[in-house]
file protein.cif (mmCIF, C-alpha atoms)
data_coords
#
loop_
_atom_site.label_atom_id
_atom_site.label_comp_id
_atom_site.auth_asym_id
_atom_site.auth_seq_id
_atom_site.Cartn_x
_atom_site.Cartn_y
_atom_site.Cartn_z
CA MET E 65 -59.92 -233.77 -92.29
CA ASN E 66 -59.27 -237.46 -92.06
CA ILE E 67 -55.92 -237.61 -93.84
CA PRO E 68 -55.50 -241.40 -93.86
CA ARG E 69 -58.95 -241.84 -95.40
CA THR E 70 -58.19 -239.15 -97.97
CA LEU E 71 -54.93 -240.82 -98.89
CA ARG E 72 -56.64 -244.17 -99.22
CA SER E 73 -59.27 -242.68 -101.48
CA ALA E 74 -56.62 -241.03 -103.65
CA ALA E 75 -54.67 -244.27 -103.89
CA VAL E 76 -57.78 -246.22 -104.91
CA ALA E 77 -58.61 -243.58 -107.52
CA ALA E 78 -55.08 -243.77 -108.92
CA LEU E 79 -55.03 -247.55 -109.29
CA PRO E 80 -56.67 -247.71 -112.73
CA ALA E 81 -54.23 -245.15 -114.10
CA LEU E 82 -51.25 -246.99 -112.63
CA ALA E 83 -52.47 -250.30 -114.01
CA ALA E 84 -52.97 -248.75 -117.44
CA ALA E 85 -49.45 -247.29 -117.39
CA HIS E 86 -47.99 -250.66 -116.36
CA ALA E 87 -49.82 -252.47 -119.15
CA ALA E 88 -49.42 -249.84 -121.89
CA PRO E 89 -46.57 -251.70 -123.67
CA VAL E 90 -48.97 -254.61 -124.34
CA ILE E 91 -49.83 -252.81 -127.57
CA SER E 92 -46.51 -254.08 -128.93
CA THR E 93 -47.88 -257.63 -128.75
CA PHE E 94 -49.94 -256.94 -131.89
CA GLY E 95 -47.48 -258.10 -134.54
CA PRO E 96 -48.57 -256.07 -137.60
CA LEU E 97 -48.61 -252.84 -135.61
CA ARG E 98 -45.29 -253.62 -133.93
CA ASN E 99 -43.58 -254.54 -137.17
CA ARG E 100 -44.70 -251.30 -138.79
CA LEU E 101 -44.22 -248.82 -135.95
CA MET E 102 -41.61 -250.47 -133.70
CA PRO E 103 -38.91 -251.92 -135.97
CA ARG E 104 -36.28 -251.94 -133.21
CA LEU E 105 -38.48 -253.94 -130.84
CA SER E 106 -39.47 -256.26 -133.69
CA GLY E 107 -35.83 -257.04 -134.43
CA ARG E 108 -35.76 -255.46 -137.87
CA GLY E 109 -32.28 -255.65 -139.38
CA ARG E 110 -30.52 -255.28 -142.68
CA PRO E 111 -32.61 -256.34 -145.67
CA ASP E 112 -30.32 -259.12 -146.88
CA HIS E 113 -30.26 -260.92 -143.52
CA VAL E 114 -32.68 -262.96 -141.40
CA ALA E 115 -32.11 -263.38 -137.67
CA LEU E 116 -32.75 -266.88 -136.35
CA THR E 117 -33.76 -267.08 -132.69
CA PHE E 118 -34.84 -269.81 -130.26
CA ASP E 119 -36.72 -269.52 -126.97
CA ASP E 120 -37.25 -271.48 -123.75
CA GLY E 121 -34.03 -273.53 -123.56
CA PRO E 122 -31.67 -274.91 -122.76
CA ASP E 123 -33.12 -278.40 -122.66
CA PRO E 124 -30.78 -281.43 -122.71
CA ARG E 125 -33.52 -283.51 -124.37
CA SER E 126 -33.84 -281.24 -127.40
CA THR E 127 -31.33 -278.38 -127.64
CA PRO E 128 -28.40 -280.63 -128.66
CA TYR E 129 -30.32 -281.69 -131.78
CA PHE E 130 -30.68 -278.04 -132.81
CA LEU E 131 -27.01 -277.38 -132.11
CA ARG E 132 -26.00 -280.35 -134.24
CA LEU E 133 -28.21 -279.31 -137.15
CA LEU E 134 -26.99 -275.70 -137.02
CA SER E 135 -23.40 -276.91 -136.91
CA ASP E 136 -23.96 -279.13 -139.94
CA ARG E 137 -25.42 -276.18 -141.83
CA GLY E 138 -22.75 -273.72 -140.68
CA VAL E 139 -25.36 -271.39 -139.18
CA HIS E 140 -25.31 -269.47 -135.90
CA ALA E 141 -28.38 -268.28 -134.04
CA THR E 142 -29.50 -266.37 -130.95
CA PHE E 143 -30.77 -268.47 -128.02
CA PHE E 144 -32.97 -266.72 -125.45
CA LEU E 145 -32.48 -268.84 -122.33
CA LEU E 146 -34.62 -269.19 -119.24
CA GLY E 147 -32.52 -268.75 -116.12
CA SER E 148 -34.29 -271.61 -114.35
CA GLU E 149 -33.45 -273.97 -117.22
CA ALA E 150 -29.90 -272.67 -117.54
CA ARG E 151 -29.31 -273.45 -113.86
CA ARG E 152 -30.34 -277.07 -114.49
CA SER E 153 -28.04 -277.46 -117.52
CA PRO E 154 -24.99 -275.23 -117.05
CA ALA E 155 -22.78 -277.39 -119.29
CA LEU E 156 -25.29 -277.02 -122.12
CA VAL E 157 -25.23 -273.23 -121.74
CA ARG E 158 -21.46 -273.31 -122.10
CA GLU E 159 -21.80 -275.59 -125.12
CA ILE E 160 -24.14 -273.13 -126.83
CA ALA E 161 -21.69 -270.30 -126.22
CA ALA E 162 -18.65 -272.38 -127.26
CA ALA E 163 -20.38 -273.21 -130.56
CA GLY E 164 -20.42 -269.50 -131.36
CA HIS E 165 -24.09 -268.83 -130.83
CA GLU E 166 -25.38 -265.63 -129.27
CA ILE E 167 -27.13 -265.90 -125.90
CA GLY E 168 -29.87 -263.63 -124.66
CA ILE E 169 -32.18 -264.09 -121.70
CA HIS E 170 -35.87 -264.98 -121.54
CA GLY E 171 -36.16 -264.14 -117.85
CA TRP E 172 -35.70 -266.52 -114.96
CA LEU E 173 -39.21 -267.99 -115.00
CA HIS E 174 -41.62 -268.13 -117.93
CA ARG E 175 -44.32 -266.04 -116.29
CA PRO E 176 -46.20 -263.00 -117.64
CA LEU E 177 -44.47 -259.75 -116.79
CA LEU E 178 -47.81 -257.99 -116.44
CA LEU E 179 -48.35 -259.93 -113.20
CA ARG E 180 -45.12 -258.64 -111.65
CA GLY E 181 -44.25 -255.35 -110.05
CA PRO E 182 -41.08 -253.32 -110.69
CA ARG E 183 -38.94 -255.03 -108.02
CA ALA E 184 -39.94 -258.57 -108.98
CA THR E 185 -39.40 -257.80 -112.66
CA HIS E 186 -35.95 -256.34 -112.08
CA ASP E 187 -34.88 -259.21 -109.84
CA ASP E 188 -36.08 -261.85 -112.32
CA LEU E 189 -34.16 -260.33 -115.22
CA ALA E 190 -31.06 -259.59 -113.15
CA ARG E 191 -30.94 -263.14 -111.82
CA ALA E 192 -31.04 -264.62 -115.34
CA ARG E 193 -28.53 -262.11 -116.69
CA ASP E 194 -26.06 -262.75 -113.89
CA LEU E 195 -26.26 -266.53 -114.22
CA VAL E 196 -25.61 -266.44 -117.97
CA ALA E 197 -22.73 -264.04 -117.41
CA ASP E 198 -21.22 -266.37 -114.80
CA LEU E 199 -21.57 -269.43 -117.03
CA THR E 200 -20.27 -267.89 -120.25
CA GLY E 201 -18.00 -265.09 -119.05
CA ARG E 202 -19.99 -262.59 -121.11
CA PRO E 203 -23.00 -260.58 -119.86
CA PRO E 204 -25.95 -260.98 -122.21
CA THR E 205 -27.30 -257.82 -123.82
CA LEU E 206 -30.58 -259.07 -125.30
CA PHE E 207 -33.89 -259.89 -123.61
CA ARG E 208 -37.10 -261.43 -124.92
CA PRO E 209 -40.09 -261.30 -122.58
CA PRO E 210 -42.16 -264.43 -121.90
CA TYR E 211 -45.13 -264.57 -124.28
CA GLY E 212 -43.69 -261.53 -126.05
CA VAL E 213 -45.46 -259.19 -123.65
CA MET E 214 -43.58 -256.23 -122.20
CA SER E 215 -44.62 -254.01 -119.32
CA THR E 216 -43.50 -250.57 -118.25
CA ALA E 217 -41.60 -252.17 -115.37
CA ALA E 218 -39.83 -254.47 -117.85
CA HIS E 219 -38.77 -251.54 -120.03
CA LEU E 220 -37.35 -249.77 -116.99
CA ALA E 221 -35.59 -252.92 -115.77
CA THR E 222 -33.98 -253.65 -119.13
CA ARG E 223 -32.66 -250.11 -119.33
CA ARG E 224 -31.12 -250.37 -115.86
CA LEU E 225 -29.60 -253.78 -116.63
CA GLY E 226 -28.14 -252.89 -120.02
CA LEU E 227 -30.52 -255.19 -121.89
CA THR E 228 -32.28 -254.53 -125.17
CA PRO E 229 -35.72 -256.13 -125.62
CA VAL E 230 -36.40 -257.78 -128.96
CA LEU E 231 -39.41 -259.71 -130.21
CA TRP E 232 -39.83 -261.12 -133.74
CA THR E 233 -41.45 -260.59 -137.13
CA ALA E 234 -42.21 -264.24 -137.96
CA TRP E 235 -42.92 -267.26 -135.79
CA GLY E 236 -43.71 -270.89 -136.41
CA GLU E 237 -46.52 -271.54 -133.92
CA ASP E 238 -44.41 -274.57 -133.09
CA TRP E 239 -45.57 -274.85 -129.49
CA THR E 240 -48.88 -276.58 -130.25
CA ALA E 241 -49.59 -280.29 -130.33
CA ARG E 242 -50.96 -280.00 -133.87
CA ALA E 243 -47.82 -278.35 -135.29
CA THR E 244 -45.88 -280.24 -137.95
CA PRO E 245 -42.62 -279.43 -139.75
CA ALA E 246 -44.67 -278.44 -142.80
CA SER E 247 -47.00 -276.17 -140.84
CA VAL E 248 -44.11 -274.50 -139.01
CA HIS E 249 -42.24 -273.90 -142.27
CA ARG E 250 -45.36 -272.48 -143.94
CA THR E 251 -46.24 -270.21 -141.00
CA VAL E 252 -42.71 -268.81 -140.75
CA THR E 253 -42.14 -268.22 -144.43
CA ASP E 254 -45.57 -266.67 -145.04
CA ASP E 255 -44.49 -263.72 -142.86
CA LEU E 256 -40.78 -263.77 -143.64
CA ASP E 257 -38.96 -261.04 -145.50
CA GLY E 258 -35.46 -259.60 -145.54
CA GLY E 259 -34.51 -257.99 -142.25
CA GLY E 260 -36.95 -260.14 -140.31
CA THR E 261 -36.44 -262.11 -137.10
CA ILE E 262 -37.68 -265.70 -136.79
CA LEU E 263 -38.90 -267.17 -133.49
CA LEU E 264 -38.72 -270.93 -132.95
CA HIS E 265 -38.51 -273.03 -129.78
CA ASP E 266 -35.72 -275.48 -128.93
CA SER E 267 -37.57 -276.70 -125.84
CA ASP E 268 -41.10 -277.77 -124.95
CA CYS E 269 -40.89 -276.68 -121.30
CA THR E 270 -43.77 -274.26 -121.95
CA SER E 271 -45.19 -276.02 -125.02
CA ALA E 272 -47.03 -279.21 -125.84
CA PRO E 273 -44.90 -282.27 -125.00
CA GLY E 274 -42.60 -283.08 -127.89
CA ALA E 275 -43.57 -279.94 -129.83
CA TRP E 276 -39.90 -279.16 -130.44
CA HIS E 277 -39.80 -281.95 -133.02
CA SER E 278 -41.88 -279.81 -135.37
CA ALA E 279 -39.44 -276.90 -135.10
CA LEU E 280 -36.45 -279.17 -135.61
CA GLY E 281 -38.04 -280.77 -138.67
CA ALA E 282 -38.92 -277.37 -140.13
CA LEU E 283 -35.52 -275.80 -139.57
CA PRO E 284 -33.74 -277.20 -142.69
CA LEU E 285 -36.73 -276.16 -144.82
CA ILE E 286 -36.67 -272.65 -143.36
CA LEU E 287 -32.93 -272.31 -143.95
CA ASP E 288 -33.36 -273.52 -147.53
CA THR E 289 -36.13 -271.00 -148.15
CA CYS E 290 -34.03 -268.17 -146.76
CA GLY E 291 -31.22 -269.14 -149.13
CA GLU E 292 -33.59 -269.38 -152.10
CA ARG E 293 -34.83 -265.86 -151.36
CA GLY E 294 -31.30 -264.52 -151.17
CA TYR E 295 -31.15 -264.00 -147.40
CA SER E 296 -28.23 -264.95 -145.20
CA THR E 297 -29.23 -266.36 -141.83
CA GLY E 298 -27.57 -265.76 -138.48
CA PRO E 299 -27.84 -264.31 -134.98
CA LEU E 300 -29.11 -260.87 -134.05
CA ARG E 301 -25.54 -259.65 -133.56
CA ASP E 302 -25.05 -260.01 -137.35
CA HIS E 303 -28.39 -258.40 -138.14
CA GLY E 304 -27.21 -254.80 -138.38
CA TRP E 305 -29.24 -254.35 -135.24
CA PRO E 306 -28.72 -251.56 -132.68
CA GLN E 307 -26.92 -252.54 -129.49
CA PRO E 308 -27.51 -251.12 -126.00
CA GLU E 309 -25.90 -247.79 -125.27
CA ALA E 310 -23.61 -249.39 -122.67
CA CYS E 311 -22.15 -251.72 -125.30
CA ARG E 312 -21.60 -248.87 -127.74
CA ARG E 313 -19.70 -246.93 -125.08
CA GLU E 314 -17.39 -249.90 -124.48
CA ARG E 315 -16.55 -250.23 -128.16
CA PRO E 316 -13.64 -248.01 -129.29
CA SER E 317 -14.48 -245.25 -131.73
CA PRO E 318 -13.30 -245.74 -135.31
CA PRO E 319 -10.47 -243.51 -136.44
CA SER E 320 -11.41 -240.24 -138.08
CA SER E 321 -10.89 -239.85 -141.79
CA SER E 322 -7.92 -237.60 -141.15
CA THR E 323 -6.03 -240.40 -139.39
CA VAL E 324 -6.76 -243.21 -141.83
CA GLN E 325 -3.65 -244.04 -143.87
#

call {"tool": "encode", "arguments": {"input": "protein.cif", "output": "structure tokens"}}
result
Amino acid sequence: MNIPRTLRSAAVAALPALAAAHAAPVISTFGPLRNRLMPRLSGRGRPDHVALTFDDGPDPRSTPYFLRLLSDRGVHATFFLLGSEARRSPALVREIAAAGHEIGIHGWLHRPLLLRGPRATHDDLARARDLVADLTGRPPTLFRPPYGVMSTAAHLATRRLGLTPVLWTAWGEDWTARATPASVHRTVTDDLDGGGTILLHDSDCTSAPGAWHSALGALPLILDTCGERGYSTGPLRDHGWPQPEACRRERPSPPSSSTVQ
């Protein structure tokens, strides 16, 4: 028996199954199915609250405008930062944190996770997590995959790194050149309900040049609509949203009813 040839044949035969297992989480990319069957991954929270999230920053050309508007409105949000962009603008990362916003990671590079193996996926996420932790003094606990596409390797890496993946229930399609504040507002609010999570972009590093203007212009309209519908708006940490097991272990247990005075 030619063992090497047999092993090669077995490996070739196993490749389709391995590829299918790696790509299986792609099913979560289909929003209606995800929102119905995967509420945790979709970022579903308490019904009187809407989580406001931004991707692809920080960008010194655009992010400060979002921070100023949010400050004027008294609203906090969750920013999913790219490690490569955070390294270029460390002071801006600290400014986001100092303003009271929540910071998650969007990976180090905005590249599809399906094209990366387990080691590359883990290293990319760990590198972004560690940089944000160094800059802010607080390890991030949330992760949003580039393009909203998870892989099996990404699920395993997030579990090892103490990260919880979260996508969204409503987005603005604000990354296109044809987007306008009105179109972004309409697209978000058409799919928005209580407990939902909004995705906008505070940077155009992976979008059409200047596309962030449409998100910025739509933001006051979106906040107004949330208020009119009776929803408070804030970061995922205020969303009644489950936290990673590691964070729950660090939090002291509440006193039992027998010890409450």

call {"tool": "residues_around", "arguments": {"input": "protein.cif", "residues": "Ala221 of chain E", "least_positions_apart": "3", "cutoff": "12 Å", "atoms": "only C-alpha atoms", "output": "MDAnalysis selection string"}}
result
chainID E and resid 171 177 180:191 193 207 209 214:218 224:229

call {"tool": "write_last_selection", "arguments": {"input": "protein.cif", "atoms": "C-alpha atoms", "output": "tab-separated table (two decimals), in the frame of the given file"}}
result
chain	number	residue	atom	x	y	z
E	171	GLY	CA	-36.16	-264.14	-117.85
E	177	LEU	CA	-44.47	-259.75	-116.79
E	180	ARG	CA	-45.12	-258.64	-111.65
E	181	GLY	CA	-44.25	-255.35	-110.05
E	182	PRO	CA	-41.08	-253.32	-110.69
E	183	ARG	CA	-38.94	-255.03	-108.02
E	184	ALA	CA	-39.94	-258.57	-108.98
E	185	THR	CA	-39.40	-257.80	-112.66
E	186	HIS	CA	-35.95	-256.34	-112.08
E	187	ASP	CA	-34.88	-259.21	-109.84
E	188	ASP	CA	-36.08	-261.85	-112.32
E	189	LEU	CA	-34.16	-260.33	-115.22
E	190	ALA	CA	-31.06	-259.59	-113.15
E	191	ARG	CA	-30.94	-263.14	-111.82
E	193	ARG	CA	-28.53	-262.11	-116.69
E	207	PHE	CA	-33.89	-259.89	-123.61
E	209	PRO	CA	-40.09	-261.30	-122.58
E	214	MET	CA	-43.58	-256.23	-122.20
E	215	SER	CA	-44.62	-254.01	-119.32
E	216	THR	CA	-43.50	-250.57	-118.25
E	217	ALA	CA	-41.60	-252.17	-115.37
E	218	ALA	CA	-39.83	-254.47	-117.85
E	224	ARG	CA	-31.12	-250.37	-115.86
E	225	LEU	CA	-29.60	-253.78	-116.63
E	226	GLY	CA	-28.14	-252.89	-120.02
E	227	LEU	CA	-30.52	-255.19	-121.89
E	228	THR	CA	-32.28	-254.53	-125.17
E	229	PRO	CA	-35.72	-256.13	-125.62

call {"tool": "residues_around", "arguments": {"input": "protein.cif", "residues": "Arg137 of chain E", "least_positions_apart": "6", "cutoff": "12 Å", "atoms": "all atoms listed in the file", "output": "ChimeraX atom specification"}}
result
/E:130-131,283-288,291,297-298

call {"tool": "atom_distance", "arguments": {"input": "protein.cif", "atom1": "atom CA of Gly212 of chain E", "atom2": "atom CA of Glu292 of chain E"}}
result
29.0 Å

call {"tool": "closest_residue", "arguments": {"input": "protein.cif", "among": "E:Pro245, E:Pro273, E:Gly201, E:Gly258", "to": "Arg125 of chain E", "atoms": "only C-alpha atoms"}}
result
E:Pro273

call {"tool": "residues_near_point", "arguments": {"input": "protein.cif", "point": "(-27.2, -263.7, -141.5)", "cutoff": "12 Å", "atoms": "only C-alpha atoms", "output": "ChimeraX atom specification"}}
result
/E:109-117,138-142,258-262,287,290-291,294-305

call {"tool": "atom_distance", "arguments": {"input": "protein.cif", "atom1": "atom CA of Gly147 of chain E", "atom2": "atom CA of Val196 of chain E"}}
result
7.5 Å

call {"tool": "resolve_selection", "arguments": {"input": "protein.cif", "expression": "the PyMOL selection byres ((chain E and resi 210) around 7)", "output": "number ranges by chain"}}
result
E: 170, 174-176, 208-209, 211-213

call {"tool": "resolve_selection", "arguments": {"input": "protein.cif", "expression": "the PyMOL selection byres ((chain E and resi 202) around 12)", "output": "mmCIF file with C-alpha atoms, in the frame of the given file"}}
result
data_model
loop_
_atom_site.group_PDB
_atom_site.id
_atom_site.type_symbol
_atom_site.label_atom_id
_atom_site.label_comp_id
_atom_site.auth_asym_id
_atom_site.auth_seq_id
_atom_site.Cartn_x
_atom_site.Cartn_y
_atom_site.Cartn_z
ATOM 1 C CA VAL E 157 -25.230 -273.230 -121.740
ATOM 2 C CA ARG E 158 -21.460 -273.310 -122.100
ATOM 3 C CA ALA E 161 -21.690 -270.300 -126.220
ATOM 4 C CA ALA E 162 -18.650 -272.380 -127.260
ATOM 5 C CA GLU E 166 -25.380 -265.630 -129.270
ATOM 6 C CA ILE E 167 -27.130 -265.900 -125.900
ATOM 7 C CA GLY E 168 -29.870 -263.630 -124.660
ATOM 8 C CA ARG E 193 -28.530 -262.110 -116.690
ATOM 9 C CA ASP E 194 -26.060 -262.750 -113.890
ATOM 10 C CA LEU E 195 -26.260 -266.530 -114.220
ATOM 11 C CA VAL E 196 -25.610 -266.440 -117.970
ATOM 12 C CA ALA E 197 -22.730 -264.040 -117.410
ATOM 13 C CA ASP E 198 -21.220 -266.370 -114.800
ATOM 14 C CA LEU E 199 -21.570 -269.430 -117.030
ATOM 15 C CA THR E 200 -20.270 -267.890 -120.250
ATOM 16 C CA GLY E 201 -18.000 -265.090 -119.050
ATOM 17 C CA PRO E 203 -23.000 -260.580 -119.860
ATOM 18 C CA PRO E 204 -25.950 -260.980 -122.210
ATOM 19 C CA THR E 205 -27.300 -257.820 -123.820
ATOM 20 C CA LEU E 206 -30.580 -259.070 -125.300
ATOM 21 C CA CYS E 311 -22.150 -251.720 -125.300
#

call {"tool": "resolve_selection", "arguments": {"input": "protein.cif", "expression": "the PyMOL selection byres ((chain E and resi 239) around 6)", "output": "PyMOL selection string"}}
result
chain E and resi 237-238+240+271-272+275

call {"tool": "residues_around", "arguments": {"input": "protein.cif", "residues": "Ser106 of chain E", "least_positions_apart": "5", "cutoff": "6 Å", "atoms": "all atoms listed in the file", "output": "list in words"}}
result
Asn99, Val230, Leu231, Trp232 and Thr233 of chain E

call {"tool": "closest_residue", "arguments": {"input": "protein.cif", "among": "E:Leu256, E:Ala155, E:Leu264, E:Leu280", "to": "Arg293 of chain E", "atoms": "all atoms listed in the file"}}
result
E:Leu256

call {"tool": "atom_distance", "arguments": {"input": "protein.cif", "atom1": "atom CA of Thr251 of chain E", "atom2": "atom CA of Asp119 of chain E"}}
result
17.0 Å

call {"tool": "residues_near_point", "arguments": {"input": "protein.cif", "point": "(-39.0, -278.7, -121.3)", "cutoff": "9 Å", "atoms": "only C-alpha atoms", "output": "list in words"}}
result
Asp120, Gly121, Pro122, Asp123, Pro124, Arg125, Ser126, Glu149, Asp266, Ser267, Asp268, Cys269, Thr270, Ser271, Pro273 and Gly274 of chain E

call {"tool": "axis_aligned_box", "arguments": {"input": "protein.cif", "around": "segment 164-172 of chain E", "padding_each_side": "5 Å", "output": "AutoDock Vina command-line options"}}
result
--center_x -28.3 --center_y -266.6 --center_z -123.2 --size_x 25.7 --size_y 15.9 --size_z 26.4

call {"tool": "closest_residue", "arguments": {"input": "protein.cif", "among": "E:Thr289, E:Trp276, E:Thr222, E:Glu159", "to": "His249 of chain E", "atoms": "all atoms listed in the file"}}
result
E:Thr289

call {"tool": "closest_residue", "arguments": {"input": "protein.cif", "among": "E:Ala246, E:Leu156, E:Leu146, E:Ala163", "to": "His265 of chain E", "atoms": "all atoms listed in the file"}}
result
E:Leu146
